[in-house]
$ cat input_37.cif   # mmCIF, C-alpha atoms
data_coords
loop_
_atom_site.group_PDB
_atom_site.id
_atom_site.type_symbol
_atom_site.label_atom_id
_atom_site.label_comp_id
_atom_site.auth_asym_id
_atom_site.auth_seq_id
_atom_site.Cartn_x
_atom_site.Cartn_y
_atom_site.Cartn_z
ATOM 1 C CA MET A 1 -9.805 27.489 67.220
ATOM 2 C CA THR A 2 -8.367 31.056 67.382
ATOM 3 C CA LEU A 3 -10.855 33.849 66.851
ATOM 4 C CA ARG A 4 -9.706 37.092 65.238
ATOM 5 C CA ARG A 5 -10.745 40.311 66.968
ATOM 6 C CA PRO A 6 -12.940 42.469 64.659
ATOM 7 C CA LEU A 7 -11.234 45.521 63.277
ATOM 8 C CA PRO A 8 -12.278 48.807 64.784
ATOM 9 C CA PRO A 9 -14.617 50.807 62.508
ATOM 10 C CA ALA A 10 -11.940 53.454 61.926
ATOM 11 C CA THR A 11 -9.453 50.859 60.715
ATOM 12 C CA ARG A 12 -11.992 49.324 58.307
ATOM 13 C CA ARG A 13 -12.787 52.787 56.925
ATOM 14 C CA THR A 14 -9.072 53.524 56.411
ATOM 15 C CA ARG A 15 -8.551 50.298 54.408
ATOM 16 C CA THR A 16 -11.609 51.012 52.244
ATOM 17 C CA LEU A 17 -10.352 54.486 51.366
ATOM 18 C CA LEU A 18 -6.847 53.169 50.628
ATOM 19 C CA LEU A 19 -8.161 50.506 48.215
ATOM 20 C CA ALA A 20 -10.312 53.069 46.420
ATOM 21 C CA ALA A 21 -7.283 55.311 46.010
ATOM 22 C CA ILE A 22 -5.185 52.502 44.548
ATOM 23 C CA ILE A 23 -7.861 51.673 41.970
ATOM 24 C CA ALA A 24 -8.439 55.323 41.049
ATOM 25 C CA MET A 25 -4.758 56.223 40.786
ATOM 26 C CA PRO A 26 -4.072 54.706 37.325
ATOM 27 C CA ILE A 27 -7.082 56.473 35.870
ATOM 28 C CA ALA A 28 -5.718 59.811 37.011
ATOM 29 C CA THR A 29 -2.083 59.190 36.066
ATOM 30 C CA GLY A 30 -2.547 57.225 32.798
ATOM 31 C CA VAL A 31 -0.637 54.236 34.213
ATOM 32 C CA SER A 32 -2.097 50.825 33.423
ATOM 33 C CA ALA A 33 -3.702 49.137 36.340
ATOM 34 C CA PRO A 34 -2.301 45.792 37.470
ATOM 35 C CA ALA A 35 -4.498 42.868 36.538
ATOM 36 C CA LEU A 36 -6.540 41.622 39.406
ATOM 37 C CA ALA A 37 -7.213 37.924 39.739
ATOM 38 C CA SER A 38 -10.849 36.950 39.533
ATOM 39 C CA VAL A 39 -12.777 33.777 40.179
ATOM 40 C CA PRO A 40 -14.000 32.143 36.940
ATOM 41 C CA ALA A 41 -17.722 32.448 36.494
ATOM 42 C CA SER A 42 -18.165 28.872 35.331
ATOM 43 C CA GLY A 43 -15.329 26.861 36.854
ATOM 44 C CA PRO A 44 -11.752 26.321 35.640
ATOM 45 C CA THR A 45 -10.876 26.705 31.958
ATOM 46 C CA ALA A 46 -10.828 23.313 30.185
ATOM 47 C CA GLN A 47 -7.469 22.203 28.787
ATOM 48 C CA ALA A 48 -7.225 21.787 25.006
ATOM 49 C CA ALA A 49 -7.461 18.159 23.847
ATOM 50 C CA PRO A 50 -4.092 16.731 22.762
ATOM 51 C CA ASP A 51 -3.555 16.378 19.031
ATOM 52 C CA ILE A 52 -4.358 12.869 17.781
ATOM 53 C CA PRO A 53 -1.812 11.677 15.208
ATOM 54 C CA GLU A 54 -3.331 11.064 11.806
ATOM 55 C CA ARG A 55 -3.553 7.415 10.851
ATOM 56 C CA GLN A 56 -0.894 6.573 8.281
ATOM 57 C CA SER A 57 -2.307 6.133 4.809
ATOM 58 C CA VAL A 58 -2.331 2.669 3.272
ATOM 59 C CA SER A 59 -0.199 3.868 0.381
ATOM 60 C CA GLU A 60 2.462 5.300 2.699
ATOM 61 C CA ARG A 61 2.556 2.314 5.020
ATOM 62 C CA TYR A 62 3.004 -0.288 2.309
ATOM 63 C CA ALA A 63 5.410 1.803 0.279
ATOM 64 C CA ALA A 64 7.804 1.469 3.218
ATOM 65 C CA THR A 65 10.079 -1.551 3.430
ATOM 66 C CA GLY A 66 8.587 -4.572 5.186
ATOM 67 C CA ILE A 67 9.979 -6.371 8.226
ATOM 68 C CA HIS A 68 11.956 -9.060 6.406
ATOM 69 C CA ALA A 69 15.541 -8.929 5.247
ATOM 70 C CA VAL A 70 15.672 -10.274 1.700
ATOM 71 C CA THR A 71 17.709 -13.003 0.039
ATOM 72 C CA SER A 72 18.000 -13.447 -3.711
ATOM 73 C CA VAL A 73 19.139 -16.431 -5.709
ATOM 74 C CA ALA A 74 19.495 -17.267 -9.395
ATOM 75 C CA MET A 75 18.101 -20.589 -10.548
ATOM 76 C CA PRO A 76 18.149 -21.915 -14.117
ATOM 77 C CA GLY A 77 15.674 -19.698 -15.961
ATOM 78 C CA TYR A 78 14.535 -17.742 -12.897
ATOM 79 C CA GLN A 79 15.486 -15.120 -10.336
ATOM 80 C CA LEU A 80 14.002 -15.459 -6.848
ATOM 81 C CA PHE A 81 13.657 -12.959 -3.989
ATOM 82 C CA TYR A 82 12.376 -14.115 -0.617
ATOM 83 C CA PRO A 83 12.516 -13.460 3.152
ATOM 84 C CA ALA A 84 15.951 -14.297 4.526
ATOM 85 C CA ASP A 85 14.450 -16.085 7.548
ATOM 86 C CA ILE A 86 12.351 -18.475 5.454
ATOM 87 C CA ASP A 87 14.253 -21.559 6.628
ATOM 88 C CA THR A 88 13.865 -20.733 10.333
ATOM 89 C CA SER A 89 10.386 -19.215 10.396
ATOM 90 C CA PRO A 90 7.329 -21.480 10.660
ATOM 91 C CA ASP A 91 5.363 -19.177 8.342
ATOM 92 C CA ARG A 92 4.175 -20.164 4.896
ATOM 93 C CA HIS A 93 4.653 -17.441 2.313
ATOM 94 C CA PRO A 94 2.430 -16.538 -0.656
ATOM 95 C CA VAL A 95 4.006 -16.457 -4.110
ATOM 96 C CA VAL A 96 4.231 -13.558 -6.547
ATOM 97 C CA THR A 97 5.236 -14.409 -10.108
ATOM 98 C CA PHE A 98 6.340 -11.356 -12.090
ATOM 99 C CA GLY A 99 6.356 -10.695 -15.830
ATOM 100 C CA ASN A 100 8.930 -8.348 -17.396
ATOM 101 C CA GLY A 101 7.925 -5.798 -20.009
ATOM 102 C CA SER A 102 9.061 -5.939 -23.631
ATOM 103 C CA TYR A 103 12.857 -6.184 -23.942
ATOM 104 C CA ALA A 104 13.211 -5.690 -20.187
ATOM 105 C CA THR A 105 15.080 -7.837 -17.691
ATOM 106 C CA TYR A 106 14.459 -8.373 -14.006
ATOM 107 C CA GLU A 107 17.160 -5.806 -13.102
ATOM 108 C CA GLN A 108 14.812 -3.048 -14.282
ATOM 109 C CA TYR A 109 12.356 -4.065 -11.547
ATOM 110 C CA GLU A 110 14.725 -5.454 -8.937
ATOM 111 C CA GLU A 111 14.103 -2.859 -6.226
ATOM 112 C CA LEU A 112 10.353 -3.423 -6.501
ATOM 113 C CA LEU A 113 10.759 -7.204 -6.375
ATOM 114 C CA ARG A 114 12.964 -6.933 -3.276
ATOM 115 C CA HIS A 115 10.418 -4.634 -1.703
ATOM 116 C CA LEU A 116 7.641 -7.193 -2.191
ATOM 117 C CA ALA A 117 9.834 -9.916 -0.675
ATOM 118 C CA SER A 118 10.411 -7.714 2.387
ATOM 119 C CA TRP A 119 6.661 -7.921 3.000
ATOM 120 C CA GLY A 120 6.776 -11.705 3.180
ATOM 121 C CA PHE A 121 6.267 -12.853 -0.409
ATOM 122 C CA VAL A 122 8.347 -15.325 -2.363
ATOM 123 C CA VAL A 123 8.864 -13.485 -5.649
ATOM 124 C CA VAL A 124 9.915 -15.240 -8.828
ATOM 125 C CA VAL A 125 10.636 -13.714 -12.224
ATOM 126 C CA ALA A 126 11.381 -15.637 -15.398
ATOM 127 C CA ASP A 127 14.499 -14.696 -17.362
ATOM 128 C CA SER A 128 12.448 -13.584 -20.343
ATOM 129 C CA SER A 129 11.544 -10.295 -21.999
ATOM 130 C CA VAL A 130 8.845 -11.818 -24.212
ATOM 131 C CA THR A 131 6.172 -12.700 -21.698
ATOM 132 C CA GLY A 132 2.877 -11.692 -23.331
ATOM 133 C CA ASP A 133 1.426 -15.161 -23.722
ATOM 134 C CA GLY A 134 1.861 -15.881 -19.999
ATOM 135 C CA THR A 135 3.709 -19.164 -20.476
ATOM 136 C CA GLU A 136 6.870 -18.138 -18.629
ATOM 137 C CA ILE A 137 4.969 -16.361 -15.863
ATOM 138 C CA LEU A 138 2.793 -19.382 -15.137
ATOM 139 C CA ALA A 139 5.763 -21.764 -15.350
ATOM 140 C CA ALA A 140 7.635 -19.650 -12.780
ATOM 141 C CA ALA A 141 4.718 -19.916 -10.339
ATOM 142 C CA ARG A 142 4.546 -23.669 -10.797
ATOM 143 C CA TYR A 143 8.316 -23.913 -10.295
ATOM 144 C CA VAL A 144 8.137 -22.308 -6.837
ATOM 145 C CA VAL A 145 5.022 -24.213 -5.775
ATOM 146 C CA ALA A 146 6.721 -27.503 -6.701
ATOM 147 C CA ARG A 147 9.653 -26.619 -4.415
ATOM 148 C CA ASN A 148 7.253 -26.754 -1.475
ATOM 149 C CA ASP A 149 7.197 -30.556 -1.758
ATOM 150 C CA ASN A 150 10.949 -30.956 -2.199
ATOM 151 C CA PRO A 151 12.703 -31.819 1.103
ATOM 152 C CA GLU A 152 15.987 -30.610 -0.368
ATOM 153 C CA SER A 153 14.649 -27.121 -1.096
ATOM 154 C CA VAL A 154 14.800 -24.070 1.166
ATOM 155 C CA PHE A 155 11.126 -23.642 0.250
ATOM 156 C CA HIS A 156 10.088 -27.045 1.596
ATOM 157 C CA ASP A 157 6.859 -26.590 3.581
ATOM 158 C CA ARG A 158 7.337 -22.823 3.470
ATOM 159 C CA ILE A 159 5.070 -21.943 0.511
ATOM 160 C CA ASP A 160 1.417 -20.990 0.831
ATOM 161 C CA VAL A 161 0.374 -22.856 -2.292
ATOM 162 C CA ALA A 162 -3.232 -21.646 -2.004
ATOM 163 C CA HIS A 163 -2.270 -17.998 -2.488
ATOM 164 C CA VAL A 164 -0.382 -17.089 -5.647
ATOM 165 C CA ALA A 165 -0.461 -13.791 -7.538
ATOM 166 C CA ALA A 166 0.582 -12.846 -11.051
ATOM 167 C CA VAL A 167 1.989 -9.333 -11.485
ATOM 168 C CA GLY A 168 3.526 -7.801 -14.584
ATOM 169 C CA HIS A 169 4.416 -4.628 -16.436
ATOM 170 C CA SER A 170 3.450 -3.719 -20.007
ATOM 171 C CA GLN A 171 3.757 -6.891 -22.105
ATOM 172 C CA GLY A 172 4.249 -8.719 -18.822
ATOM 173 C CA ALA A 173 0.930 -7.269 -17.612
ATOM 174 C CA GLY A 174 -0.862 -8.948 -20.487
ATOM 175 C CA GLY A 175 1.158 -12.065 -19.746
ATOM 176 C CA SER A 176 -0.029 -11.960 -16.140
ATOM 177 C CA ILE A 177 -3.656 -11.917 -17.309
ATOM 178 C CA ASN A 178 -2.970 -14.880 -19.593
ATOM 179 C CA ALA A 179 -1.080 -16.754 -16.882
ATOM 180 C CA SER A 180 -4.003 -16.267 -14.503
ATOM 181 C CA THR A 181 -6.665 -17.411 -16.962
ATOM 182 C CA GLN A 182 -4.586 -20.460 -17.947
ATOM 183 C CA SER A 183 -3.598 -21.510 -14.427
ATOM 184 C CA ASP A 184 -6.577 -23.733 -13.549
ATOM 185 C CA GLY A 185 -7.050 -21.824 -10.326
ATOM 186 C CA LEU A 186 -3.405 -21.836 -9.192
ATOM 187 C CA ILE A 187 -3.177 -18.037 -9.509
ATOM 188 C CA THR A 188 -5.686 -16.463 -7.145
ATOM 189 C CA SER A 189 -4.934 -12.733 -7.556
ATOM 190 C CA THR A 190 -3.680 -10.527 -10.383
ATOM 191 C CA ALA A 191 -2.215 -7.024 -10.557
ATOM 192 C CA VAL A 192 -1.178 -5.397 -13.807
ATOM 193 C CA LEU A 193 0.970 -2.303 -14.303
ATOM 194 C CA ASP A 194 0.441 -0.370 -17.548
ATOM 195 C CA LEU A 195 -1.539 -3.104 -19.286
ATOM 196 C CA PRO A 196 -1.435 -2.154 -22.984
ATOM 197 C CA ASP A 197 -4.631 -1.229 -24.784
ATOM 198 C CA PRO A 198 -6.015 -4.136 -26.875
ATOM 199 C CA TRP A 199 -4.562 -3.029 -30.223
ATOM 200 C CA TRP A 200 -0.990 -3.297 -28.916
ATOM 201 C CA ALA A 201 -1.093 -7.121 -28.859
ATOM 202 C CA SER A 202 1.217 -7.891 -31.798
ATOM 203 C CA ARG A 203 0.912 -11.685 -31.608
ATOM 204 C CA PRO A 204 -2.315 -13.704 -31.453
ATOM 205 C CA VAL A 205 -0.971 -15.507 -28.362
ATOM 206 C CA ASP A 206 -0.650 -12.170 -26.576
ATOM 207 C CA VAL A 207 -4.365 -11.360 -26.834
ATOM 208 C CA ILE A 208 -6.009 -11.303 -23.406
ATOM 209 C CA ASP A 209 -9.532 -12.024 -22.216
ATOM 210 C CA VAL A 210 -10.147 -10.514 -18.796
ATOM 211 C CA THR A 211 -13.672 -11.976 -18.694
ATOM 212 C CA ARG A 212 -12.030 -15.347 -17.982
ATOM 213 C CA LEU A 213 -10.393 -14.174 -14.755
ATOM 214 C CA THR A 214 -11.584 -16.096 -11.706
ATOM 215 C CA GLY A 215 -9.925 -14.022 -8.982
ATOM 216 C CA PRO A 216 -9.597 -10.344 -8.065
ATOM 217 C CA VAL A 217 -7.646 -8.035 -10.366
ATOM 218 C CA PHE A 218 -6.086 -4.585 -9.934
ATOM 219 C CA TYR A 219 -5.413 -2.374 -12.974
ATOM 220 C CA LEU A 220 -2.725 0.276 -12.342
ATOM 221 C CA THR A 221 -1.508 2.659 -15.006
ATOM 222 C CA GLY A 222 0.130 6.047 -15.398
ATOM 223 C CA ALA A 223 -2.205 8.882 -16.294
ATOM 224 C CA GLU A 224 0.311 10.068 -18.930
ATOM 225 C CA ASP A 225 0.790 6.615 -20.455
ATOM 226 C CA PRO A 226 0.087 6.587 -24.225
ATOM 227 C CA VAL A 227 0.073 2.781 -24.273
ATOM 228 C CA SER A 228 -2.458 2.279 -21.470
ATOM 229 C CA THR A 229 -5.163 4.893 -21.951
ATOM 230 C CA ALA A 230 -8.215 5.758 -19.916
ATOM 231 C CA ILE A 231 -11.140 4.327 -21.886
ATOM 232 C CA PRO A 232 -9.710 0.839 -22.576
ATOM 233 C CA GLN A 233 -8.496 0.560 -18.968
ATOM 234 C CA ALA A 234 -11.989 1.414 -17.704
ATOM 235 C CA ALA A 235 -13.415 -1.180 -20.079
ATOM 236 C CA TYR A 236 -11.051 -3.888 -18.776
ATOM 237 C CA HIS A 237 -12.260 -3.112 -15.257
ATOM 238 C CA ALA A 238 -15.933 -3.020 -16.242
ATOM 239 C CA VAL A 239 -15.975 -6.484 -17.825
ATOM 240 C CA SER A 240 -13.834 -8.221 -15.218
ATOM 241 C CA PRO A 241 -16.235 -10.721 -13.651
ATOM 242 C CA GLY A 242 -14.970 -10.688 -10.082
ATOM 243 C CA PRO A 243 -13.707 -8.123 -7.584
ATOM 244 C CA ALA A 244 -11.638 -5.462 -9.303
ATOM 245 C CA ALA A 245 -9.934 -2.129 -8.690
ATOM 246 C CA ARG A 246 -8.382 0.404 -11.019
ATOM 247 C CA GLY A 247 -6.514 3.698 -10.887
ATOM 248 C CA ARG A 248 -4.305 6.059 -12.916
ATOM 249 C CA LEU A 249 -1.295 7.565 -11.150
ATOM 250 C CA LEU A 250 -1.028 11.243 -12.014
ATOM 251 C CA GLY A 251 2.122 12.544 -13.661
ATOM 252 C CA VAL A 252 3.426 9.098 -14.624
ATOM 253 C CA GLY A 253 3.961 7.599 -18.066
ATOM 254 C CA HIS A 254 4.613 4.060 -19.245
ATOM 255 C CA ASN A 255 7.954 3.637 -17.483
ATOM 256 C CA TRP A 256 8.841 4.412 -13.869
ATOM 257 C CA PRO A 257 11.618 3.881 -11.275
ATOM 258 C CA THR A 258 12.917 0.386 -10.539
ATOM 259 C CA ASP A 259 11.428 0.557 -7.033
ATOM 260 C CA GLY A 260 7.898 0.912 -8.396
ATOM 261 C CA GLY A 261 7.649 4.618 -7.668
ATOM 262 C CA GLY A 262 4.160 5.754 -6.767
ATOM 263 C CA PHE A 263 2.670 2.359 -7.647
ATOM 264 C CA ARG A 264 4.572 0.533 -4.905
ATOM 265 C CA GLY A 265 2.321 1.285 -1.925
ATOM 266 C CA TYR A 266 -1.045 0.277 -3.379
ATOM 267 C CA LEU A 267 0.444 -2.693 -5.250
ATOM 268 C CA THR A 268 1.926 -4.061 -2.028
ATOM 269 C CA ALA A 269 -1.312 -3.409 -0.160
ATOM 270 C CA TRP A 270 -3.286 -5.242 -2.868
ATOM 271 C CA LEU A 271 -1.093 -8.315 -2.519
ATOM 272 C CA ARG A 272 -1.221 -8.220 1.271
ATOM 273 C CA PHE A 273 -4.999 -7.902 1.162
ATOM 274 C CA THR A 274 -5.792 -10.518 -1.491
ATOM 275 C CA LEU A 275 -3.119 -13.069 -0.538
ATOM 276 C CA GLU A 276 -2.953 -12.689 3.246
ATOM 277 C CA GLY A 277 -6.219 -11.077 4.285
ATOM 278 C CA ASP A 278 -4.437 -8.030 5.750
ATOM 279 C CA THR A 279 -7.297 -5.887 7.073
ATOM 280 C CA ASP A 280 -5.235 -2.702 7.233
ATOM 281 C CA ALA A 281 -4.233 -3.063 3.591
ATOM 282 C CA ALA A 282 -7.885 -3.705 2.744
ATOM 283 C CA ARG A 283 -8.752 -0.107 3.720
ATOM 284 C CA ALA A 284 -7.513 1.001 0.309
ATOM 285 C CA PHE A 285 -10.060 -1.104 -1.568
ATOM 286 C CA VAL A 286 -13.093 -1.990 0.556
ATOM 287 C CA GLY A 287 -15.415 -0.467 3.113
ATOM 288 C CA PRO A 288 -17.585 2.656 3.014
ATOM 289 C CA ALA A 289 -14.696 4.932 1.902
ATOM 290 C CA PRO A 290 -11.829 3.072 0.189
ATOM 291 C CA GLU A 291 -8.653 5.141 0.363
ATOM 292 C CA LEU A 292 -7.818 4.663 -3.307
ATOM 293 C CA LEU A 293 -10.983 6.483 -4.368
ATOM 294 C CA ALA A 294 -10.089 9.631 -2.417
ATOM 295 C CA ASP A 295 -6.339 9.745 -3.083
ATOM 296 C CA PRO A 296 -5.577 13.064 -4.836
ATOM 297 C CA GLY A 297 -2.542 11.532 -6.523
ATOM 298 C CA TRP A 298 -4.767 9.239 -8.583
ATOM 299 C CA ASP A 299 -7.681 9.588 -10.982
ATOM 300 C CA GLY A 300 -9.921 7.174 -12.863
ATOM 301 C CA THR A 301 -10.234 5.144 -9.677
ATOM 302 C CA ALA A 302 -12.941 2.546 -9.088
ATOM 303 C CA VAL A 303 -13.560 -0.584 -7.044
ATOM 304 C CA LYS A 304 -16.244 -3.221 -7.404
ATOM 305 C CA GLY A 305 -17.297 -6.693 -6.407
ATOM 306 C CA TRP A 306 -16.419 -6.738 -2.706
#
$ encode --input "input_37.cif" --output "structure tokens"
Amino acid sequence: MTLRRPLPPATRRTRTLLLAAIIAMPIATGVSAPALASVPASGPTAQAAPDIPERQSVSERYAATGIHAVTSVAMPGYQLFYPADIDTSPDRHPVVTFGNGSYATYEQYEELLRHLASWGFVVVVADSSVTGDGTEILAAARYVVARNDNPESVFHDRIDVAHVAAVGHSQGAGGSINASTQSDGLITSTAVLDLPDPWWASRPVDVIDVTRLTGPVFYLTGAEDPVSTAIPQAAYHAVSPGPAARGRLLGVGHNWPTDGGGFRGYLTAWLRFTLEGDTDAARAFVGPAPELLADPGWDGTAVKGW
């Protein structure tokens, strides 16, 4: 090891005086002193933690198109939308039977129906615009379920016959309630969009009784809808005997875009949750802080029975 010879005292004194002069010089001249590096008093400065991406909301995730390409076909009395790979995939798909509103045809909901099919559902809609009694909606569900046993059908052994939902808009919403209560357990989940208040039922056969529902039900309506108003909608939810959710989408009336607009995300999540047990979709409706209850785009929200 090489040892350095100590500096002579005169040399050490010269260096000390020079350093003092350098430090004092800026004070005398008004020039800023160069920053001098110093040793941190308590170790190196900690790096800031990286930003953690926010978890995507349930509404946003399920408003996006699902993983399946979609095929549609017209059958006598019905329109069907379903995953294009249904004949090659081993999966069994739940069924969604949809009820049109008054004087409406399936084209007015086609983008929404295709969207639901992209998430793995076989969607069927009856060619009817008078659906309030539920007859056509229930018949459509039975039509698809029967195809599961037909070796000649593309749906042979591809239908999850234990998981069927009824969904409808306006008059078709009431029809979905009636289809569910008349289905002898075939329909296991219900979701209604803009279900009319009780006094809008113009025919005795269109009158609904939500206390007869045996499965979960989701009431969705527009906050500006004069046909589906706050107090009756809350009452429907309150007397439903099983699990139920409700909400009013702000800024929306009785009619909305063909793709479902702001309803699409939570509606899709409801079907994924109640028909397929999707735990991510369930975050909107169950747990200590259901997303639906805190969504600023909705009011009149409630969940119960889980």
$ residues_around --input "input_37.cif" --residues "region 285-289 of chain A" --least-positions-apart "6" --cutoff "8 Å" --atoms "all atoms listed in the file" --output "ChimeraX atom specification"
/A:245,303,306
$ atom_distance --input "input_37.cif" --atom1 "CA of Ala234 (chain A)" --atom2 "CA of Gly262 (chain A)"
20.0 Å
$ resolve_selection --input "input_37.cif" --expression "the PyMOL selection byres ((chain A and resi 256) around 12)" --output "PDB file with C-alpha atoms, in the coordinates of the input"
ATOM      1  CA  GLY A 101       7.925  -5.798 -20.009  1.00  0.00           C
ATOM      2  CA  GLN A 108      14.812  -3.048 -14.282  1.00  0.00           C
ATOM      3  CA  TYR A 109      12.356  -4.065 -11.547  1.00  0.00           C
ATOM      4  CA  GLU A 111      14.103  -2.859  -6.226  1.00  0.00           C
ATOM      5  CA  LEU A 112      10.353  -3.423  -6.501  1.00  0.00           C
ATOM      6  CA  HIS A 169       4.416  -4.628 -16.436  1.00  0.00           C
ATOM      7  CA  SER A 170       3.450  -3.719 -20.007  1.00  0.00           C
ATOM      8  CA  LEU A 193       0.970  -2.303 -14.303  1.00  0.00           C
ATOM      9  CA  ASP A 194       0.441  -0.370 -17.548  1.00  0.00           C
ATOM     10  CA  THR A 221      -1.508   2.659 -15.006  1.00  0.00           C
ATOM     11  CA  GLY A 222       0.130   6.047 -15.398  1.00  0.00           C
ATOM     12  CA  GLU A 224       0.311  10.068 -18.930  1.00  0.00           C
ATOM     13  CA  ASP A 225       0.790   6.615 -20.455  1.00  0.00           C
ATOM     14  CA  LEU A 249      -1.295   7.565 -11.150  1.00  0.00           C
ATOM     15  CA  GLY A 251       2.122  12.544 -13.661  1.00  0.00           C
ATOM     16  CA  VAL A 252       3.426   9.098 -14.624  1.00  0.00           C
ATOM     17  CA  GLY A 253       3.961   7.599 -18.066  1.00  0.00           C
ATOM     18  CA  HIS A 254       4.613   4.060 -19.245  1.00  0.00           C
ATOM     19  CA  ASN A 255       7.954   3.637 -17.483  1.00  0.00           C
ATOM     20  CA  PRO A 257      11.618   3.881 -11.275  1.00  0.00           C
ATOM     21  CA  THR A 258      12.917   0.386 -10.539  1.00  0.00           C
ATOM     22  CA  ASP A 259      11.428   0.557  -7.033  1.00  0.00           C
ATOM     23  CA  GLY A 260       7.898   0.912  -8.396  1.00  0.00           C
ATOM     24  CA  GLY A 261       7.649   4.618  -7.668  1.00  0.00           C
ATOM     25  CA  GLY A 262       4.160   5.754  -6.767  1.00  0.00           C
ATOM     26  CA  PHE A 263       2.670   2.359  -7.647  1.00  0.00           C
ATOM     27  CA  ARG A 264       4.572   0.533  -4.905  1.00  0.00           C
TER      28      ARG A 264
END
$ atom_distance --input "input_37.cif" --atom1 "CA of Val144 (chain A)" --atom2 "CA of Ser189 (chain A)"
16.2 Å
$ resolve_selection --input "input_37.cif" --expression "the PyMOL selection byres ((chain A and resi 90-95) around 7)" --output "VMD selection string"
chain A and resid 88 to 89 96 to 97 120 to 123 158 to 161 163 to 165 275
$ atom_distance --input "input_37.cif" --atom1 "CA of Val124 (chain A)" --atom2 "CA of Gly174 (chain A)"
17.1 Å
$ resolve_selection --input "input_37.cif" --expression "the PyMOL selection byres ((chain A and resi 78) around 6)" --output "VMD selection string"
chain A and resid 75 to 77 79 125 to 127
$ closest_residue --input "input_37.cif" --among "A:Thr274, A:Thr131, A:Thr105, A:Thr71" --to "Ala179 (chain A)" --atoms "all atoms listed in the file"
A:Thr131
$ closest_residue --input "input_37.cif" --among "A:Val239, A:Ile208, A:Leu271, A:Ala63" --to "Val167 (chain A)" --atoms "only C-alpha atoms"
A:Leu271
$ closest_residue --input "input_37.cif" --among "A:Ala74, A:Ile67, A:Ala162, A:Ala141" --to "Ala117 (chain A)" --atoms "only C-alpha atoms"
A:Ile67
$ closest_residue --input "input_37.cif" --among "A:Val154, A:Gly172, A:Thr268, A:Phe98" --to "Ile187 (chain A)" --atoms "all atoms listed in the file"
A:Phe98
$ build_atoms --input "input_37.cif" --residues "region 120-131 of chain A" --atoms "N, CA and C atoms" --output "PDB file, in the frame of the given file"
ATOM      1  N   GLY A 120       7.096 -10.314   2.886  1.00  0.00           N
ATOM      2  CA  GLY A 120       6.776 -11.705   3.180  1.00  0.00           C
ATOM      3  C   GLY A 120       6.427 -12.575   1.998  1.00  0.00           C
ATOM      4  N   PHE A 121       6.595 -12.062   0.773  1.00  0.00           N
ATOM      5  CA  PHE A 121       6.267 -12.853  -0.409  1.00  0.00           C
ATOM      6  C   PHE A 121       7.517 -13.527  -0.969  1.00  0.00           C
ATOM      7  N   VAL A 122       7.309 -14.696  -1.551  1.00  0.00           N
ATOM      8  CA  VAL A 122       8.347 -15.325  -2.363  1.00  0.00           C
ATOM      9  C   VAL A 122       8.094 -14.864  -3.793  1.00  0.00           C
ATOM     10  N   VAL A 123       9.038 -14.106  -4.337  1.00  0.00           N
ATOM     11  CA  VAL A 123       8.864 -13.485  -5.649  1.00  0.00           C
ATOM     12  C   VAL A 123       9.753 -14.202  -6.657  1.00  0.00           C
ATOM     13  N   VAL A 124       9.163 -14.568  -7.776  1.00  0.00           N
ATOM     14  CA  VAL A 124       9.915 -15.240  -8.828  1.00  0.00           C
ATOM     15  C   VAL A 124       9.671 -14.518 -10.142  1.00  0.00           C
ATOM     16  N   VAL A 125      10.742 -14.357 -10.917  1.00  0.00           N
ATOM     17  CA  VAL A 125      10.636 -13.714 -12.224  1.00  0.00           C
ATOM     18  C   VAL A 125      11.403 -14.547 -13.240  1.00  0.00           C
ATOM     19  N   ALA A 126      10.735 -14.848 -14.348  1.00  0.00           N
ATOM     20  CA  ALA A 126      11.381 -15.637 -15.398  1.00  0.00           C
ATOM     21  C   ALA A 126      12.389 -14.780 -16.141  1.00  0.00           C
ATOM     22  N   ASP A 127      13.477 -15.396 -16.580  1.00  0.00           N
ATOM     23  CA  ASP A 127      14.499 -14.696 -17.362  1.00  0.00           C
ATOM     24  C   ASP A 127      14.024 -14.577 -18.805  1.00  0.00           C
ATOM     25  N   SER A 128      13.009 -13.748 -19.004  1.00  0.00           N
ATOM     26  CA  SER A 128      12.448 -13.584 -20.343  1.00  0.00           C
ATOM     27  C   SER A 128      11.939 -12.163 -20.504  1.00  0.00           C
ATOM     28  N   SER A 129      12.089 -11.618 -21.699  1.00  0.00           N
ATOM     29  CA  SER A 129      11.544 -10.295 -21.999  1.00  0.00           C
ATOM     30  C   SER A 129      10.437 -10.381 -23.050  1.00  0.00           C
ATOM     31  N   VAL A 130       9.979 -11.590 -23.305  1.00  0.00           N
ATOM     32  CA  VAL A 130       8.845 -11.818 -24.212  1.00  0.00           C
ATOM     33  C   VAL A 130       7.850 -12.675 -23.428  1.00  0.00           C
ATOM     34  N   THR A 131       6.986 -12.004 -22.697  1.00  0.00           N
ATOM     35  CA  THR A 131       6.172 -12.700 -21.698  1.00  0.00           C
ATOM     36  C   THR A 131       4.663 -12.579 -21.954  1.00  0.00           C
TER      37      THR A 131
END
